[in-house]
$ cat target.cif   # mmCIF, C-alpha atoms
data_work
loop_
_atom_site.label_atom_id
_atom_site.label_comp_id
_atom_site.auth_asym_id
_atom_site.auth_seq_id
_atom_site.Cartn_x
_atom_site.Cartn_y
_atom_site.Cartn_z
CA MET A 1 -160.66 174.53 -127.85
CA PRO A 2 -158.95 173.40 -124.60
CA SER A 3 -160.27 174.93 -121.52
CA ARG A 4 -158.35 177.41 -119.45
CA LYS A 5 -158.05 174.88 -116.67
CA THR A 6 -156.38 172.35 -118.94
CA LEU A 7 -153.82 174.87 -120.16
CA LEU A 8 -152.99 175.86 -116.65
CA LEU A 9 -152.36 172.22 -115.64
CA ALA A 10 -150.10 171.61 -118.63
CA GLY A 11 -148.05 174.69 -117.84
CA THR A 12 -147.66 173.66 -114.26
CA VAL A 13 -146.36 170.21 -115.30
CA LEU A 14 -143.90 171.80 -117.73
CA LEU A 15 -142.50 174.09 -115.08
CA ILE A 16 -142.06 171.23 -112.65
CA GLY A 17 -140.18 169.19 -115.29
CA LEU A 18 -137.89 172.10 -116.15
CA GLY A 19 -137.10 172.60 -112.49
CA ILE A 20 -136.22 169.00 -111.88
CA GLY A 21 -133.95 168.90 -114.97
CA GLY A 22 -132.15 172.07 -113.92
CA TYR A 23 -131.56 170.64 -110.48
CA PHE A 24 -129.85 167.52 -111.80
CA LEU A 25 -127.95 169.57 -114.38
CA HIS A 26 -126.43 172.01 -111.91
CA ALA A 27 -126.22 169.81 -108.83
CA PRO A 28 -122.63 169.05 -107.59
CA ALA A 29 -121.23 165.58 -108.22
CA PRO A 30 -121.75 163.15 -105.41
CA SER A 31 -118.84 162.98 -103.03
CA HIS A 32 -117.05 159.62 -102.67
CA ALA A 33 -114.99 158.37 -99.77
CA ALA A 34 -111.33 159.27 -100.12
CA GLU A 35 -109.37 156.30 -101.45
CA PRO A 36 -106.32 155.34 -99.44
CA LYS A 37 -103.02 156.41 -100.97
CA ALA A 38 -100.58 153.64 -101.98
CA THR A 39 -97.61 153.63 -99.70
CA SER A 40 -94.29 152.91 -101.35
CA THR A 41 -92.11 150.46 -99.30
CA ALA A 42 -88.58 149.25 -100.00
CA ALA A 43 -88.19 145.78 -101.59
CA PRO A 44 -87.40 143.05 -99.05
CA PRO A 45 -83.83 141.67 -99.03
CA VAL A 46 -83.22 138.70 -101.30
CA PRO A 47 -82.18 135.57 -99.38
CA VAL A 48 -78.81 134.23 -100.55
CA THR A 49 -75.99 132.07 -99.31
CA ALA A 50 -72.48 133.48 -99.21
CA ALA A 51 -68.91 132.49 -98.43
CA HIS A 52 -65.67 134.27 -97.72
CA ALA A 53 -62.94 134.22 -100.32
CA HIS A 54 -60.00 132.14 -99.13
CA LYS A 55 -56.37 133.16 -99.46
CA GLY A 56 -53.55 130.63 -99.19
CA ASP A 57 -51.31 128.17 -101.01
CA VAL A 58 -52.99 126.54 -104.00
CA PRO A 59 -51.42 123.70 -106.04
CA ILE A 60 -51.63 124.11 -109.81
CA VAL A 61 -52.86 120.75 -111.09
CA LEU A 62 -53.12 119.33 -114.60
CA GLU A 63 -55.61 116.51 -115.08
CA GLY A 64 -55.49 113.68 -117.59
CA LEU A 65 -56.83 110.19 -118.22
CA GLY A 66 -54.43 107.27 -117.87
CA THR A 67 -54.13 103.50 -118.02
CA VAL A 68 -52.45 101.39 -115.36
CA THR A 69 -49.51 99.59 -117.00
CA PRO A 70 -47.19 97.14 -115.21
CA ILE A 71 -43.49 97.97 -115.29
CA ASN A 72 -42.76 94.27 -115.91
CA THR A 73 -45.05 91.59 -117.31
CA ALA A 74 -44.08 88.25 -118.85
CA THR A 75 -45.78 85.24 -120.37
CA ILE A 76 -43.95 82.30 -118.81
CA HIS A 77 -42.92 79.81 -121.54
CA THR A 78 -40.89 76.64 -121.32
CA GLN A 79 -37.54 76.72 -123.10
CA VAL A 80 -37.35 72.95 -123.60
CA GLN A 81 -39.79 70.30 -124.75
CA GLY A 82 -41.00 67.73 -122.28
CA THR A 83 -43.73 66.50 -119.98
CA LEU A 84 -44.98 68.99 -117.41
CA ASP A 85 -44.38 67.18 -114.12
CA SER A 86 -45.80 69.74 -111.70
CA VAL A 87 -47.19 73.25 -111.35
CA ASP A 88 -45.83 74.77 -108.16
CA PHE A 89 -47.86 77.96 -107.89
CA VAL A 90 -51.42 78.88 -107.03
CA GLU A 91 -53.31 81.14 -109.40
CA GLY A 92 -53.24 84.70 -108.12
CA GLN A 93 -50.29 83.99 -105.83
CA ASP A 94 -47.61 86.56 -105.02
CA VAL A 95 -44.22 85.16 -105.97
CA LYS A 96 -40.65 86.37 -105.60
CA ARG A 97 -37.87 86.32 -108.14
CA GLY A 98 -36.44 82.78 -108.30
CA ASP A 99 -39.51 81.02 -106.89
CA VAL A 100 -40.27 77.72 -108.65
CA LEU A 101 -43.35 77.94 -110.87
CA ALA A 102 -43.29 74.57 -112.65
CA LYS A 103 -41.11 71.54 -113.38
CA ILE A 104 -40.59 69.47 -116.53
CA ASP A 105 -39.49 65.81 -116.60
CA PRO A 106 -35.66 66.17 -116.35
CA ARG A 107 -34.49 62.61 -117.10
CA VAL A 108 -33.54 63.14 -120.74
CA PHE A 109 -31.58 66.25 -119.88
CA GLU A 110 -29.88 64.62 -116.92
CA ALA A 111 -28.66 61.89 -119.28
CA GLN A 112 -27.25 64.52 -121.63
CA VAL A 113 -25.36 66.05 -118.71
CA ASP A 114 -23.96 62.64 -117.79
CA GLN A 115 -22.79 62.12 -121.37
CA ALA A 116 -21.09 65.49 -121.44
CA GLU A 117 -19.37 64.84 -118.12
CA ALA A 118 -18.12 61.45 -119.32
CA ALA A 119 -16.75 62.90 -122.55
CA LEU A 120 -15.00 65.62 -120.60
CA ALA A 121 -13.40 63.09 -118.22
CA ARG A 122 -12.22 60.95 -121.15
CA ASP A 123 -10.66 63.86 -122.99
CA GLN A 124 -9.09 65.26 -119.82
CA ALA A 125 -7.34 61.90 -119.37
CA GLY A 126 -6.12 62.03 -122.97
CA LEU A 127 -4.81 65.58 -122.40
CA LYS A 128 -2.95 64.41 -119.31
CA ASN A 129 -1.33 61.56 -121.24
CA SER A 130 -0.29 63.94 -124.04
CA GLN A 131 1.24 66.32 -121.50
CA VAL A 132 3.20 63.45 -119.87
CA ASN A 133 4.55 62.28 -123.24
CA LEU A 134 5.61 65.84 -124.09
CA ALA A 135 7.38 66.16 -120.74
CA ARG A 136 9.35 62.99 -121.51
CA THR A 137 10.24 63.98 -125.06
CA GLN A 138 11.52 67.50 -124.30
CA PRO A 139 14.69 66.50 -122.32
CA LEU A 140 15.46 63.72 -124.81
CA ALA A 141 15.24 66.15 -127.73
CA ALA A 142 17.47 68.59 -125.85
CA ARG A 143 20.21 65.93 -125.56
CA GLY A 144 19.72 64.73 -129.13
CA PHE A 145 18.06 61.44 -128.31
CA ALA A 146 14.69 62.49 -129.87
CA THR A 147 14.04 64.13 -133.16
CA GLN A 148 12.54 67.58 -133.55
CA GLN A 149 9.68 66.04 -135.51
CA LEU A 150 8.69 63.88 -132.54
CA LEU A 151 8.80 66.91 -130.24
CA ASP A 152 6.57 68.88 -132.58
CA THR A 153 4.13 65.98 -132.76
CA GLN A 154 3.89 65.82 -128.97
CA ASN A 155 3.26 69.58 -128.76
CA SER A 156 0.50 69.28 -131.38
CA GLN A 157 -1.17 66.42 -129.51
CA VAL A 158 -1.22 68.45 -126.29
CA ALA A 159 -2.78 71.45 -128.03
CA GLN A 160 -5.36 69.23 -129.73
CA SER A 161 -6.27 67.59 -126.44
CA GLN A 162 -6.63 71.00 -124.79
CA GLY A 163 -9.06 72.08 -127.52
CA THR A 164 -11.07 68.89 -127.11
CA VAL A 165 -11.34 69.43 -123.35
CA ALA A 166 -12.51 73.01 -123.89
CA LEU A 167 -15.15 71.77 -126.34
CA ASP A 168 -16.29 69.16 -123.83
CA LYS A 169 -16.62 71.80 -121.12
CA ALA A 170 -18.80 73.94 -123.40
CA ALA A 171 -20.96 70.91 -124.21
CA LEU A 172 -21.32 70.18 -120.50
CA GLU A 173 -22.37 73.77 -119.80
CA ALA A 174 -24.96 73.57 -122.59
CA ALA A 175 -26.34 70.31 -121.20
CA GLN A 176 -26.50 71.75 -117.70
CA THR A 177 -28.30 74.82 -119.03
CA GLN A 178 -30.86 72.66 -120.79
CA LEU A 179 -31.34 70.74 -117.58
CA SER A 180 -31.88 73.97 -115.64
CA TYR A 181 -34.69 74.86 -118.04
CA THR A 182 -36.70 71.94 -116.67
CA THR A 183 -37.24 74.01 -113.52
CA ILE A 184 -39.18 77.17 -114.43
CA THR A 185 -38.72 80.06 -111.99
CA ALA A 186 -40.17 83.55 -111.65
CA PRO A 187 -38.01 86.17 -113.42
CA PHE A 188 -39.18 88.99 -111.11
CA ASP A 189 -41.47 89.68 -108.16
CA GLY A 190 -45.11 89.67 -109.20
CA ILE A 191 -48.47 88.01 -109.09
CA THR A 192 -49.50 85.01 -111.16
CA GLY A 193 -52.57 84.97 -113.36
CA ILE A 194 -54.78 82.17 -114.61
CA ARG A 195 -52.95 78.90 -115.34
CA HIS A 196 -53.03 77.93 -119.01
CA ILE A 197 -51.92 74.29 -118.85
CA ASP A 198 -52.15 71.36 -116.44
CA PRO A 199 -49.52 68.82 -115.31
CA GLY A 200 -49.11 65.79 -117.57
CA ASN A 201 -49.27 67.74 -120.82
CA ILE A 202 -46.39 67.95 -123.26
CA VAL A 203 -45.09 71.51 -123.40
CA HIS A 204 -43.11 73.13 -126.21
CA PRO A 205 -41.15 76.38 -126.49
CA THR A 206 -43.42 77.37 -129.39
CA ASP A 207 -46.66 77.19 -127.36
CA THR A 208 -48.44 80.55 -127.84
CA THR A 209 -50.30 80.71 -124.54
CA GLY A 210 -47.44 79.74 -122.25
CA LEU A 211 -47.89 78.42 -118.74
CA VAL A 212 -49.07 81.61 -117.00
CA ILE A 213 -48.73 85.39 -117.19
CA LEU A 214 -46.68 86.97 -114.42
CA THR A 215 -47.28 90.66 -113.69
CA GLN A 216 -45.40 93.01 -111.41
CA LEU A 217 -47.71 95.11 -109.22
CA GLN A 218 -45.28 96.81 -106.85
CA PRO A 219 -44.18 99.27 -108.08
CA ILE A 220 -46.49 99.89 -111.02
CA SER A 221 -46.74 102.59 -113.67
CA ILE A 222 -49.48 104.65 -115.29
CA ILE A 223 -49.32 106.06 -118.81
CA PHE A 224 -51.52 109.13 -119.27
CA THR A 225 -51.98 111.96 -121.77
CA LEU A 226 -51.96 115.75 -121.54
CA PRO A 227 -52.32 118.49 -124.15
CA SER A 228 -49.00 119.25 -125.79
CA THR A 229 -49.39 122.88 -124.68
CA ASP A 230 -48.77 121.73 -121.10
CA ILE A 231 -45.29 120.38 -121.88
CA PRO A 232 -43.41 123.57 -120.85
CA ASP A 233 -45.16 123.65 -117.46
CA VAL A 234 -44.38 119.99 -116.88
CA GLN A 235 -40.74 120.46 -117.84
CA LYS A 236 -40.43 123.35 -115.38
CA ALA A 237 -41.99 121.21 -112.66
CA ILE A 238 -39.53 118.38 -113.34
CA ALA A 239 -36.59 120.78 -113.26
CA SER A 240 -37.74 122.37 -109.98
CA GLY A 241 -38.63 119.07 -108.35
CA GLU A 242 -42.25 120.10 -107.76
CA ALA A 243 -43.80 117.51 -110.08
CA SER A 244 -45.90 114.99 -108.18
CA VAL A 245 -48.67 112.71 -109.37
CA ASP A 246 -51.85 111.44 -107.74
CA ALA A 247 -54.02 108.69 -109.18
CA TYR A 248 -57.80 108.87 -108.67
CA ASP A 249 -60.50 106.36 -109.45
CA ALA A 250 -62.70 106.48 -112.56
CA ALA A 251 -65.23 108.70 -110.74
CA ASN A 252 -62.40 111.13 -109.92
CA THR A 253 -63.41 111.21 -106.26
CA HIS A 254 -61.16 108.76 -104.39
CA ARG A 255 -57.38 108.99 -104.40
CA LEU A 256 -55.79 105.62 -105.06
CA ASP A 257 -52.07 106.34 -104.74
CA HIS A 258 -49.37 109.00 -104.82
CA GLY A 259 -46.38 108.66 -107.13
CA SER A 260 -43.71 110.44 -109.11
CA LEU A 261 -43.37 111.45 -112.75
CA MET A 262 -40.91 109.30 -114.70
CA LEU A 263 -40.77 110.84 -118.17
CA ILE A 264 -42.45 112.76 -120.98
CA ASP A 265 -42.67 110.84 -124.23
CA ASN A 266 -40.33 112.10 -126.94
CA GLN A 267 -43.11 112.60 -129.51
CA VAL A 268 -46.46 114.39 -129.69
CA ASP A 269 -49.40 112.59 -131.25
CA ALA A 270 -50.09 114.80 -134.26
CA SER A 271 -53.64 113.48 -134.68
CA THR A 272 -54.76 114.48 -131.16
CA GLY A 273 -52.26 117.15 -130.15
CA THR A 274 -51.48 115.26 -126.94
CA VAL A 275 -48.34 113.85 -125.41
CA ARG A 276 -47.96 110.70 -123.31
CA LEU A 277 -46.36 110.75 -119.86
CA LYS A 278 -45.38 107.93 -117.53
CA ALA A 279 -45.52 107.94 -113.75
CA SER A 280 -44.49 105.36 -111.16
CA PHE A 281 -46.49 104.41 -108.05
CA PRO A 282 -45.51 102.19 -105.10
CA ASN A 283 -48.99 100.61 -105.07
CA GLU A 284 -48.53 99.30 -101.54
CA LYS A 285 -52.27 98.67 -101.09
CA LYS A 286 -52.65 97.26 -104.63
CA ASN A 287 -55.36 99.78 -105.46
CA LEU A 288 -53.92 100.12 -108.97
CA TRP A 289 -54.66 97.13 -111.17
CA PRO A 290 -53.16 96.62 -114.64
CA GLY A 291 -55.43 97.69 -117.48
CA SER A 292 -57.78 99.87 -115.42
CA PHE A 293 -58.52 103.48 -116.32
CA VAL A 294 -57.72 106.19 -113.77
CA ASN A 295 -57.70 109.96 -113.50
CA ILE A 296 -54.32 111.58 -113.03
CA HIS A 297 -53.72 114.82 -111.13
CA LEU A 298 -50.25 116.16 -111.95
CA THR A 299 -49.11 118.98 -109.65
CA VAL A 300 -46.76 121.29 -111.55
CA ALA A 301 -46.52 124.28 -109.19
CA LEU A 302 -47.62 125.71 -105.84
CA ARG A 303 -49.05 129.24 -105.98
CA HIS A 304 -48.68 131.15 -102.73
CA ASP A 305 -51.26 133.67 -101.41
CA ALA A 306 -53.73 132.66 -104.09
CA VAL A 307 -57.43 133.58 -103.80
CA THR A 308 -60.11 130.91 -104.20
CA VAL A 309 -63.91 131.04 -103.99
CA PRO A 310 -66.60 128.36 -104.24
CA LEU A 311 -67.19 127.41 -107.84
CA THR A 312 -70.89 128.31 -107.57
CA ALA A 313 -69.97 131.95 -106.90
CA VAL A 314 -68.51 132.44 -110.38
CA GLN A 315 -71.06 133.80 -112.87
CA GLN A 316 -70.87 134.42 -116.59
CA GLY A 317 -72.24 137.70 -117.91
CA PRO A 318 -72.32 139.58 -121.21
CA SER A 319 -69.06 141.34 -120.42
CA GLY A 320 -67.27 138.33 -118.95
CA THR A 321 -66.87 136.46 -115.68
CA PHE A 322 -67.96 138.11 -112.42
CA VAL A 323 -69.02 137.49 -108.83
CA TYR A 324 -71.48 139.26 -106.57
CA VAL A 325 -69.68 140.80 -103.58
CA VAL A 326 -71.62 141.53 -100.38
CA ASP A 327 -70.57 144.73 -98.57
CA ALA A 328 -70.92 145.63 -94.89
CA ASN A 329 -74.46 146.92 -95.47
CA HIS A 330 -75.55 143.63 -97.06
CA VAL A 331 -75.80 145.21 -100.50
CA VAL A 332 -74.31 143.40 -103.49
CA SER A 333 -72.13 144.71 -106.27
CA ALA A 334 -70.90 142.92 -109.38
CA ARG A 335 -67.12 142.43 -109.49
CA GLU A 336 -65.44 141.39 -112.73
CA ILE A 337 -62.83 138.69 -112.23
CA LYS A 338 -60.40 136.54 -114.15
CA ALA A 339 -60.80 132.89 -113.12
CA GLY A 340 -58.10 130.24 -113.36
CA GLN A 341 -58.29 126.52 -112.69
CA SER A 342 -61.41 124.95 -111.17
CA ARG A 343 -61.13 121.81 -109.06
CA GLU A 344 -62.65 120.33 -105.91
CA ASP A 345 -65.56 122.82 -106.18
CA LYS A 346 -63.15 125.74 -105.85
CA ALA A 347 -62.26 128.34 -108.46
CA LEU A 348 -58.85 130.02 -108.49
CA ILE A 349 -59.17 133.78 -108.97
CA ASP A 350 -56.27 135.19 -110.94
CA GLN A 351 -57.53 138.78 -110.89
CA GLY A 352 -60.37 140.80 -109.32
CA LEU A 353 -60.45 139.71 -105.66
CA SER A 354 -58.05 140.36 -102.81
CA GLY A 355 -59.24 137.57 -100.54
CA ASP A 356 -61.09 139.72 -97.98
CA GLU A 357 -64.47 139.71 -99.76
CA THR A 358 -67.70 137.85 -99.13
CA VAL A 359 -69.23 136.49 -102.32
CA VAL A 360 -72.70 135.18 -103.08
CA THR A 361 -72.78 131.43 -103.74
CA ALA A 362 -76.51 130.85 -104.40
CA GLY A 363 -79.51 132.99 -105.30
CA GLN A 364 -77.71 135.18 -107.87
CA TYR A 365 -80.44 135.00 -110.51
CA ARG A 366 -82.58 137.57 -108.61
CA LEU A 367 -79.71 139.98 -108.00
CA THR A 368 -78.63 143.17 -109.68
CA PRO A 369 -75.98 145.61 -108.47
CA GLY A 370 -77.35 147.48 -105.47
CA THR A 371 -79.80 144.77 -104.38
CA PRO A 372 -80.01 144.27 -100.60
CA VAL A 373 -79.55 140.67 -99.54
CA ASP A 374 -80.16 138.52 -96.52
CA VAL A 375 -77.29 136.06 -96.05
CA VAL A 376 -78.92 132.97 -94.60
CA PRO A 377 -77.09 130.32 -92.59
CA ASP A 378 -76.69 126.75 -93.75
CA ASN A 379 -79.71 125.54 -91.81
CA ARG A 380 -81.90 127.91 -93.86
CA LYS A 381 -80.31 127.48 -97.27
CA ASP A 382 -83.45 125.73 -98.56
CA SER A 383 -85.17 129.13 -98.55
CA VAL A 384 -82.75 130.46 -101.17
CA GLN A 385 -84.29 130.55 -104.62
CA ASN A 386 -82.16 129.34 -107.48
CA ALA A 387 -82.45 129.68 -111.20
CA THR A 388 -83.11 126.00 -111.77
CA THR A 389 -86.34 125.88 -109.79
CA ALA A 390 -87.39 129.29 -111.03
CA SER A 391 -87.02 128.29 -114.67
CA ALA A 392 -89.17 125.26 -113.95
CA GLY A 393 -92.03 127.55 -112.92
CA MET A 394 -91.74 126.82 -109.21
CA LEU A 395 -90.60 130.30 -108.24
CA PRO A 396 -91.32 133.84 -109.48
#
$ encode --input "target.cif" --output "structure tokens"
Amino acid sequence: MPSRKTLLLAGTVLLIGLGIGGYFLHAPAPSHAAEPKATSTAAPPVPVTAAHAHKGDVPIVLEGLGTVTPINTATIHTQVQGTLDSVDFVEGQDVKRGDVLAKIDPRVFEAQVDQAEAALARDQAGLKNSQVNLARTQPLAARGFATQQLLDTQNSQVAQSQGTVALDKAALEAAQTQLSYTTITAPFDGITGIRHIDPGNIVHPTDTTGLVILTQLQPISIIFTLPSTDIPDVQKAIASGEASVDAYDAANTHRLDHGSLMLIDNQVDASTGTVRLKASFPNEKKNLWPGSFVNIHLTVALRHDAVTVPLTAVQQGPSGTFVYVVDANHVVSAREIKAGQSREDKALIDQGLSGDETVVTAGQYRLTPGTPVDVVPDNRKDSVQNATTASAGMLP
């Protein structure tokens, strides 16, 4: 049996344990330091670049691709057979109409002219003799000393001699023409190409290559195409006198020449739905070279008080085309617009802007209506985030 002292010790330990447990059970939770409250601050303005809408006269321009085509070009052939005596031009030389290009040995043709002249002189002498005999016979026949038959014979001889002289004159003209063909001249102003034959060779009218190709450069023409749907606008421009044409290089950046519209082709290409047009250019600086491809800008009208904005300001959304407009408080709003032609990094606004607005030109991808913006100057435009770099993972 445990002693009384042992029981008393066990009871004391039990009471102490119950006391400690009750203390921890009913003790208040430990107090922690008050956490700081999150302060809500407004989002910082989004950096963007902006530009003012411009209001003024805007030309309405149709663009097409064309080919430079000379108004006149000719392959210079000889018209008679003979030995090529000389070539009197330098390849690439500017020549005028009538300038000598080449000469063919003329001796055979000079002899033919001499023969024709001699035959004409002989027959003219015979005609003169027949006319003298007729003049003698007519008074004799009138007085009865010559028969009517003799008079008729003299009249017939005169008429026959006149026909022979006319035939000789035609033969002389033909011989002189053949002789003239031995000197080959330029049929129009132009520039010579690469020479195809050298002096000393026998040339023929049937030679396929000819002597040289002569091409007119001033003025010159361009044939270009436009959609057939543009024909009414072009016709109106021709009627009003507002049609003007500018030729640009293949990169469509440098203007080569300014010209005028000559005509619209009388047929539409059914396979492509396009129509060909022809324009003339003075080509004073010879920037237009035959066979080269150029871009054509055809001005068909001039719209007054038209609104334009930089092309980068125009955005495409689910409901259509829009721009972000910056108000006086530097807060943006989305404005639906109807855009017209786009050229030279400018977009023509047909509807939606009055011309007094400021529109965002870069940084739109982070904007929503009501977003405050910070319009940065040009020297800080590198700080503007754009969608291209953001989509590459460079920006949030």
$ resolve_selection --input "target.cif" --expression "the PyMOL selection byres ((chain A and resi 187) around 6)" --output "list of chain:residue names"
A:Arg97, A:Ala186, A:Phe188
$ write_last_selection --input "target.cif" --atoms "C-alpha atoms" --output "PDB file, in the frame of the given file"
ATOM      1  CA  ARG A  97     -37.870  86.320-108.140  1.00  0.00           C
ATOM      2  CA  ALA A 186     -40.170  83.550-111.650  1.00  0.00           C
ATOM      3  CA  PHE A 188     -39.180  88.990-111.110  1.00  0.00           C
TER       4      PHE A 188
END
$ resolve_selection --input "target.cif" --expression "the PyMOL selection byres ((chain A and resi 198) around 9)" --output "PDB file with C-alpha atoms, in the coordinates of the input"
ATOM      1  CA  LEU A  84     -44.980  68.990-117.410  1.00  0.00           C
ATOM      2  CA  SER A  86     -45.800  69.740-111.700  1.00  0.00           C
ATOM      3  CA  VAL A  87     -47.190  73.250-111.350  1.00  0.00           C
ATOM      4  CA  ARG A 195     -52.950  78.900-115.340  1.00  0.00           C
ATOM      5  CA  HIS A 196     -53.030  77.930-119.010  1.00  0.00           C
ATOM      6  CA  ILE A 197     -51.920  74.290-118.850  1.00  0.00           C
ATOM      7  CA  PRO A 199     -49.520  68.820-115.310  1.00  0.00           C
ATOM      8  CA  GLY A 200     -49.110  65.790-117.570  1.00  0.00           C
ATOM      9  CA  ASN A 201     -49.270  67.740-120.820  1.00  0.00           C
ATOM     10  CA  LEU A 211     -47.890  78.420-118.740  1.00  0.00           C
TER      11      LEU A 211
END
$ resolve_selection --input "target.cif" --expression "the PyMOL selection byres ((chain A and resi 354) around 10)" --output "VMD selection string"
chain A and resid 53 to 55 305 to 308 349 to 353 355 to 357
$ atom_distance --input "target.cif" --atom1 "atom CA of Val90 of chain A" --atom2 "atom CA of Gln178 of chain A"
25.5 Å
$ closest_residue --input "target.cif" --among "A:Lys96, A:His52, A:Arg143, A:Arg255" --to "Thr358 of chain A" --atoms "all atoms listed in the file"
A:His52
$ axis_aligned_box --input "target.cif" --around "segment 342-347 of chain A" --padding-each-side "3 Å" --output "AutoDock Vina command-line options"
--center_x -63.3 --center_y 124.3 --center_z -108.5 --size_x 10.4 --size_y 14.0 --size_z 11.3
$ atom_distance --input "target.cif" --atom1 "atom CA of Leu172 of chain A" --atom2 "atom CA of Thr75 of chain A"
28.7 Å
$ closest_residue --input "target.cif" --among "A:Gln162, A:Gln316, A:Thr67, A:Thr49" --to "Arg276 of chain A" --atoms "all atoms listed in the file"
A:Thr67
$ residues_around --input "target.cif" --residues "segment 133-141 of chain A" --least-positions-apart "4" --cutoff "10 Å" --atoms "all atoms listed in the file" --output "ChimeraX atom specification"
/A:127-129,145-158
$ residues_around --input "target.cif" --residues "Thr69 of chain A" --least-positions-apart "4" --cutoff "8 Å" --atoms "all atoms listed in the file" --output "list in words"
Ile220, Ser221, Ile222, Ile223, Pro290 and Gly291 of chain A
$ atom_distance --input "target.cif" --atom1 "atom CA of Ala74 of chain A" --atom2 "atom CA of Val212 of chain A"
8.5 Å
$ closest_residue --input "target.cif" --among "A:Leu167, A:Ala339, A:Val326, A:Val332" --to "Ala51 of chain A" --atoms "only C-alpha atoms"
A:Val326
$ residues_near_point --input "target.cif" --point "(-57.1, 112.4, -116.5)" --cutoff "6 Å" --atoms "only C-alpha atoms" --output "list in words"
Glu63, Gly64, Leu65, Gly66, Asn295 and Ile296 of chain A
$ residues_around --input "target.cif" --residues "segment 116-123 of chain A" --least-positions-apart "6" --cutoff "8 Å" --atoms "all atoms listed in the file" --output "PyMOL selection string"
chain A and resi 161+164-165+168-169+171-172+175
